file entry-v4.cif (mmCIF, C-alpha atoms)
data_query
loop_
_atom_site.label_atom_id
_atom_site.label_comp_id
_atom_site.auth_asym_id
_atom_site.auth_seq_id
_atom_site.Cartn_x
_atom_site.Cartn_y
_atom_site.Cartn_z
CA MET A 1 -4.03 -4.13 36.93
CA ALA A 2 -3.88 -0.39 36.59
CA ARG A 3 -6.45 1.78 38.30
CA PRO A 4 -8.72 3.66 35.88
CA ASP A 5 -6.87 6.93 36.48
CA THR A 6 -3.35 5.54 36.11
CA LYS A 7 -1.08 5.92 33.07
CA VAL A 8 -0.24 2.59 31.43
CA ASN A 9 2.73 2.03 29.10
CA ILE A 10 2.00 -0.85 26.74
CA ASP A 11 5.67 -1.53 25.89
CA GLU A 12 6.48 -1.78 29.59
CA LYS A 13 3.62 -4.20 30.21
CA LEU A 14 4.55 -6.35 27.20
CA SER A 15 8.19 -6.48 28.33
CA LYS A 16 7.05 -8.29 31.50
CA ILE A 17 5.45 -11.14 29.54
CA ASN A 18 7.69 -14.19 29.12
CA ALA A 19 5.33 -16.84 27.71
CA HIS A 20 3.31 -16.94 24.51
CA TRP A 21 -0.51 -17.11 24.47
CA GLU A 22 -0.89 -16.05 28.13
CA PRO A 23 -2.80 -12.75 28.10
CA LYS A 24 -2.39 -10.40 31.05
CA THR A 25 -5.07 -7.87 31.94
CA VAL A 26 -3.58 -4.39 32.02
CA LEU A 27 -6.71 -2.34 32.59
CA GLU A 28 -10.46 -2.48 32.82
CA ALA A 29 -13.03 0.12 31.84
CA ASN A 30 -16.80 -0.07 31.46
CA GLY A 31 -16.87 -3.85 31.85
CA LEU A 32 -14.17 -4.38 29.21
CA GLU A 33 -10.64 -5.70 29.76
CA LEU A 34 -7.59 -4.71 27.76
CA LYS A 35 -5.09 -7.58 27.74
CA ALA A 36 -1.48 -7.60 26.58
CA VAL A 37 -0.13 -10.81 25.08
CA LYS A 38 2.81 -12.14 23.09
CA VAL A 39 1.91 -14.78 20.51
CA LYS A 40 3.84 -17.19 18.30
CA GLY A 41 2.63 -20.23 16.41
CA GLU A 42 -0.99 -21.32 16.11
CA PHE A 43 -3.67 -20.91 18.76
CA VAL A 44 -6.75 -23.17 18.97
CA TRP A 45 -9.90 -22.67 16.91
CA HIS A 46 -12.49 -21.12 19.21
CA ASN A 47 -15.24 -18.52 19.48
CA HIS A 48 -16.70 -16.22 22.09
CA PRO A 49 -20.51 -16.44 22.18
CA GLU A 50 -20.70 -13.71 24.83
CA GLY A 51 -19.21 -10.89 22.75
CA ASP A 52 -16.90 -9.50 20.08
CA GLU A 53 -13.11 -9.64 20.43
CA LEU A 54 -10.88 -6.74 19.36
CA PHE A 55 -7.28 -7.43 18.26
CA ILE A 56 -4.73 -4.61 18.06
CA VAL A 57 -1.25 -5.42 16.74
CA VAL A 58 1.54 -3.53 18.52
CA SER A 59 4.42 -5.20 16.64
CA GLY A 60 4.85 -8.14 14.29
CA ASP A 61 2.37 -9.79 11.94
CA LEU A 62 -0.79 -11.65 12.93
CA LEU A 63 -3.02 -13.79 10.76
CA ILE A 64 -6.55 -14.33 12.03
CA GLU A 65 -8.08 -17.35 10.35
CA LEU A 66 -11.87 -17.21 10.22
CA GLU A 67 -14.33 -20.04 9.68
CA ASP A 68 -16.02 -19.83 6.26
CA ARG A 69 -14.36 -16.45 5.52
CA ASP A 70 -11.05 -15.22 4.19
CA ALA A 71 -8.30 -14.86 6.79
CA VAL A 72 -7.30 -11.35 7.87
CA ARG A 73 -3.61 -10.36 8.00
CA LEU A 74 -2.70 -7.61 10.48
CA GLY A 75 0.54 -5.68 10.90
CA ALA A 76 1.72 -3.16 13.48
CA GLY A 77 -0.96 -0.53 14.05
CA ASP A 78 -3.78 -2.64 12.56
CA MET A 79 -6.98 -3.56 14.40
CA PHE A 80 -9.71 -6.10 13.71
CA VAL A 81 -12.89 -7.13 15.51
CA VAL A 82 -13.86 -10.81 15.43
CA PRO A 83 -17.66 -10.84 15.69
CA ARG A 84 -19.34 -12.67 18.54
CA GLY A 85 -19.71 -16.39 17.89
CA LEU A 86 -17.40 -16.55 14.84
CA ASN A 87 -14.87 -19.40 15.01
CA HIS A 88 -11.35 -18.03 14.62
CA ARG A 89 -7.72 -18.92 15.15
CA PRO A 90 -4.88 -16.41 15.57
CA VAL A 91 -1.57 -17.44 13.97
CA ALA A 92 1.85 -15.75 14.12
CA GLU A 93 4.86 -17.20 12.30
CA GLU A 94 7.22 -15.01 14.39
CA GLU A 95 6.60 -13.45 17.78
CA CYS A 96 3.88 -10.82 17.62
CA ARG A 97 2.87 -8.43 20.41
CA ILE A 98 -0.83 -7.66 20.57
CA LEU A 99 -3.58 -6.15 22.68
CA ILE A 100 -6.94 -7.85 22.99
CA MET A 101 -10.09 -6.22 24.30
CA ASP A 102 -13.18 -8.13 25.29
CA ALA A 103 -15.74 -8.34 28.09
CA ALA A 104 -14.39 -8.78 31.62
CA GLY A 105 -13.94 -12.42 32.58
CA VAL A 106 -13.86 -13.83 29.03
CA VAL A 107 -11.63 -16.92 28.78
CA ASN A 108 -8.98 -16.77 26.06
CA THR A 109 -9.93 -20.15 24.58
CA GLY A 110 -13.63 -19.32 24.33
CA THR A 111 -15.61 -22.47 23.60
CA ALA A 112 -12.64 -24.73 22.76
CA GLU A 113 -12.71 -27.87 24.89
CA GLY A 114 -9.53 -29.44 26.19
CA ALA A 115 -7.42 -26.39 25.34
CA ALA A 116 -5.14 -24.82 27.91
CA GLN A 117 -7.09 -21.91 29.30
CA THR A 118 -5.33 -18.95 30.80
CA ALA A 119 -6.74 -17.65 34.05
CA ARG A 120 -7.16 -13.92 34.37
CA GLU A 121 -3.89 -12.41 35.57
CA GLU A 122 -3.47 -8.79 36.58
CA TRP A 123 -0.73 -6.33 37.42
CA ILE A 124 -1.06 -4.12 40.43
#
call {"tool": "encode", "arguments": {"input": "entry-v4.cif", "output": "structure tokens"}}
result
Amino acid sequence: MARPDTKVNIDEKLSKINAHWEPKTVLEANGLELKAVKVKGEFVWHNHPEGDELFIVVSGDLLIELEDRDAVRLGAGDMFVVPRGLNHRPVAEEECRILIMDAAGVVNTGTAEGAAQTAREEWI
């Protein structure tokens, strides 16, 4: 993970990711983590009762399905905050490169039981 006073290149960090749906923490500030991740296919329905989750699309198209609400389609340069506690499921037909920001230590699968959780991974 980068030190707070270190320049971080998002494309470089994303180029090091080989698997889908395995977010990697690239930096932390004020108790928040910025994670880089490549996604493709459907993730599990889940929510994060401890806080909001910010999605930023770097490249590709991302659909965020929301429980009892219309889905939100994001393209490169778009951002969307999923409110705390709202069930959601990210979906990408083709590979999509995104950044996610949430509170430090938040598990990617939120409250979903039996789903493959990704442990926090960092770069030095």
call {"tool": "closest_residue", "arguments": {"input": "entry-v4.cif", "among": "A:Leu63, A:Ser15, A:Leu99, A:Glu28", "to": "Glu42 in chain A", "atoms": "all atoms listed in the file"}}
result
A:Leu63
call {"tool": "closest_residue", "arguments": {"input": "entry-v4.cif", "among": "A:Ile64, A:Ala71, A:Ile56, A:Cys96", "to": "His20 in chain A", "atoms": "all atoms listed in the file"}}
result
A:Cys96
call {"tool": "atom_distance", "arguments": {"input": "entry-v4.cif", "atom1": "CA of Trp21 in chain A", "atom2": "CA of Gly41 in chain A"}}
result
9.2 Å
call {"tool": "closest_residue", "arguments": {"input": "entry-v4.cif", "among": "A:Ile17, A:Val26, A:Ile100, A:Ala92", "to": "Lys40 in chain A", "atoms": "only C-alpha atoms"}}
result
A:Ala92
call {"tool": "closest_residue", "arguments": {"input": "entry-v4.cif", "among": "A:Asp61, A:Asp11, A:Glu22, A:Asp68", "to": "Leu86 in chain A", "atoms": "all atoms listed in the file"}}
result
A:Asp68
call {"tool": "resolve_selection", "arguments": {"input": "entry-v4.cif", "expression": "the PyMOL selection byres ((chain A and resi 45) around 7)", "output": "list in words"}}
result
Phe43, Val44, His46, Asn87, His88, Arg89 and Ala112 of chain A
call {"tool": "closest_residue", "arguments": {"input": "entry-v4.cif", "among": "A:Arg84, A:Leu27, A:Arg97, A:Arg73", "to": "Gly60 in chain A", "atoms": "only C-alpha atoms"}}
result
A:Arg97
call {"tool": "closest_residue", "arguments": {"input": "entry-v4.cif", "among": "A:Ile98, A:Phe80, A:Asn9, A:Leu66", "to": "Lys38 in chain A", "atoms": "all atoms listed in the file"}}
result
A:Ile98
call {"tool": "resolve_selection", "arguments": {"input": "entry-v4.cif", "expression": "the PyMOL selection byres ((chain A and resi 57) around 6)", "output": "VMD selection string"}}
result
chain A and resid 56 58 to 59 76 to 78 98
call {"tool": "atom_distance", "arguments": {"input": "entry-v4.cif", "atom1": "CA of Glu65 in chain A", "atom2": "CA of Met79 in chain A"}}
result
14.4 Å
call {"tool": "resolve_selection", "arguments": {"input": "entry-v4.cif", "expression": "the PyMOL selection byres ((chain A and resi 49-53) around 9)", "output": "list in words"}}
result
Asn47, His48, Leu54, Phe55, Phe80, Val81, Val82, Pro83, Arg84, Gly85, Leu86, Ile100, Met101, Asp102, Ala103, Val106, Gly110 and Thr111 of chain A
call {"tool": "write_last_selection", "arguments": {"input": "entry-v4.cif", "atoms": "C-alpha atoms", "output": "compact mmCIF listing (two decimals), keeping the file's coordinate frame"}}
result
# COMPACT_ATOMS: atom_id res chain seq x y z
CA ASN A 47 -15.24 -18.52 19.48
CA HIS A 48 -16.70 -16.22 22.09
CA LEU A 54 -10.88 -6.74 19.36
CA PHE A 55 -7.28 -7.43 18.26
CA PHE A 80 -9.71 -6.10 13.71
CA VAL A 81 -12.89 -7.13 15.51
CA VAL A 82 -13.86 -10.81 15.43
CA PRO A 83 -17.66 -10.84 15.69
CA ARG A 84 -19.34 -12.67 18.54
CA GLY A 85 -19.71 -16.39 17.89
CA LEU A 86 -17.40 -16.55 14.84
CA ILE A 100 -6.94 -7.85 22.99
CA MET A 101 -10.09 -6.22 24.30
CA ASP A 102 -13.18 -8.13 25.29
CA ALA A 103 -15.74 -8.34 28.09
CA VAL A 106 -13.86 -13.83 29.03
CA GLY A 110 -13.63 -19.32 24.33
CA THR A 111 -15.61 -22.47 23.60
call {"tool": "axis_aligned_box", "arguments": {"input": "entry-v4.cif", "around": "range 61-64 of chain A", "padding_each_side": "5 Å", "output": "JSON"}}
result
{"center_x": -2.1, "center_y": -12.1, "center_z": 11.8, "size_x": 18.9, "size_y": 14.5, "size_z": 12.2}
call {"tool": "atom_distance", "arguments": {"input": "entry-v4.cif", "atom1": "CA of Val107 in chain A", "atom2": "CA of Arg69 in chain A"}}
result
23.4 Å
call {"tool": "build_atoms", "arguments": {"input": "entry-v4.cif", "residues": "range 52-73 of chain A", "atoms": "N, CA, C and O atoms", "output": "tab-separated table (two decimals), keeping the file's coordinate frame"}}
result
chain	number	residue	atom	x	y	z
A	52	ASP	N	-17.94	-9.72	21.08
A	52	ASP	CA	-16.90	-9.50	20.08
A	52	ASP	C	-15.53	-9.50	20.75
A	52	ASP	O	-15.42	-9.29	21.96
A	53	GLU	N	-14.48	-9.67	19.93
A	53	GLU	CA	-13.11	-9.64	20.43
A	53	GLU	C	-12.29	-8.72	19.52
A	53	GLU	O	-12.21	-8.95	18.32
A	54	LEU	N	-11.68	-7.70	20.11
A	54	LEU	CA	-10.88	-6.74	19.36
A	54	LEU	C	-9.41	-7.11	19.47
A	54	LEU	O	-8.90	-7.33	20.57
A	55	PHE	N	-8.72	-7.19	18.32
A	55	PHE	CA	-7.28	-7.43	18.26
A	55	PHE	C	-6.60	-6.16	17.77
A	55	PHE	O	-7.02	-5.57	16.77
A	56	ILE	N	-5.54	-5.75	18.45
A	56	ILE	CA	-4.73	-4.61	18.06
A	56	ILE	C	-3.28	-5.09	18.02
A	56	ILE	O	-2.76	-5.55	19.04
A	57	VAL	N	-2.63	-4.98	16.86
A	57	VAL	CA	-1.25	-5.42	16.74
A	57	VAL	C	-0.31	-4.27	17.10
A	57	VAL	O	-0.37	-3.20	16.51
A	58	VAL	N	0.55	-4.51	18.10
A	58	VAL	CA	1.54	-3.53	18.52
A	58	VAL	C	2.80	-3.69	17.68
A	58	VAL	O	3.36	-2.71	17.19
A	59	SER	N	3.26	-4.93	17.49
A	59	SER	CA	4.42	-5.20	16.64
A	59	SER	C	4.32	-6.62	16.10
A	59	SER	O	3.71	-7.49	16.72
A	60	GLY	N	4.89	-6.83	14.92
A	60	GLY	CA	4.85	-8.14	14.29
A	60	GLY	C	3.68	-8.26	13.33
A	60	GLY	O	3.03	-7.27	12.99
A	61	ASP	N	3.44	-9.49	12.89
A	61	ASP	CA	2.37	-9.79	11.94
A	61	ASP	C	1.49	-10.89	12.52
A	61	ASP	O	1.99	-11.89	13.02
A	62	LEU	N	0.18	-10.69	12.41
A	62	LEU	CA	-0.79	-11.65	12.93
A	62	LEU	C	-1.77	-12.01	11.83
A	62	LEU	O	-2.29	-11.13	11.14
A	63	LEU	N	-2.01	-13.29	11.67
A	63	LEU	CA	-3.02	-13.79	10.76
A	63	LEU	C	-4.18	-14.28	11.61
A	63	LEU	O	-3.97	-15.07	12.54
A	64	ILE	N	-5.37	-13.82	11.33
A	64	ILE	CA	-6.55	-14.33	12.03
A	64	ILE	C	-7.35	-15.14	11.03
A	64	ILE	O	-7.94	-14.60	10.09
A	65	GLU	N	-7.31	-16.46	11.20
A	65	GLU	CA	-8.08	-17.35	10.35
A	65	GLU	C	-9.52	-17.35	10.84
A	65	GLU	O	-9.77	-17.36	12.06
A	66	LEU	N	-10.45	-17.31	9.90
A	66	LEU	CA	-11.87	-17.21	10.22
A	66	LEU	C	-12.62	-18.35	9.54
A	66	LEU	O	-12.36	-18.66	8.37
A	67	GLU	N	-13.55	-18.95	10.25
A	67	GLU	CA	-14.33	-20.04	9.68
A	67	GLU	C	-15.24	-19.52	8.57
A	67	GLU	O	-15.96	-18.53	8.77
A	68	ASP	N	-15.17	-20.16	7.41
A	68	ASP	CA	-16.02	-19.83	6.26
A	68	ASP	C	-15.83	-18.41	5.74
A	68	ASP	O	-16.72	-17.85	5.10
A	69	ARG	N	-14.68	-17.79	6.03
A	69	ARG	CA	-14.36	-16.45	5.52
A	69	ARG	C	-12.87	-16.39	5.22
A	69	ARG	O	-12.10	-17.21	5.71
A	70	ASP	N	-12.47	-15.41	4.44
A	70	ASP	CA	-11.05	-15.22	4.19
A	70	ASP	C	-10.36	-14.79	5.48
A	70	ASP	O	-10.91	-14.04	6.28
A	71	ALA	N	-9.11	-15.25	5.64
A	71	ALA	CA	-8.30	-14.86	6.79
A	71	ALA	C	-7.96	-13.37	6.67
A	71	ALA	O	-7.94	-12.81	5.58
A	72	VAL	N	-7.66	-12.77	7.81
A	72	VAL	CA	-7.30	-11.35	7.87
A	72	VAL	C	-5.87	-11.25	8.37
A	72	VAL	O	-5.54	-11.80	9.42
A	73	ARG	N	-5.01	-10.56	7.60
A	73	ARG	CA	-3.61	-10.36	8.00
A	73	ARG	C	-3.47	-8.97	8.57
A	73	ARG	O	-3.87	-7.98	7.96
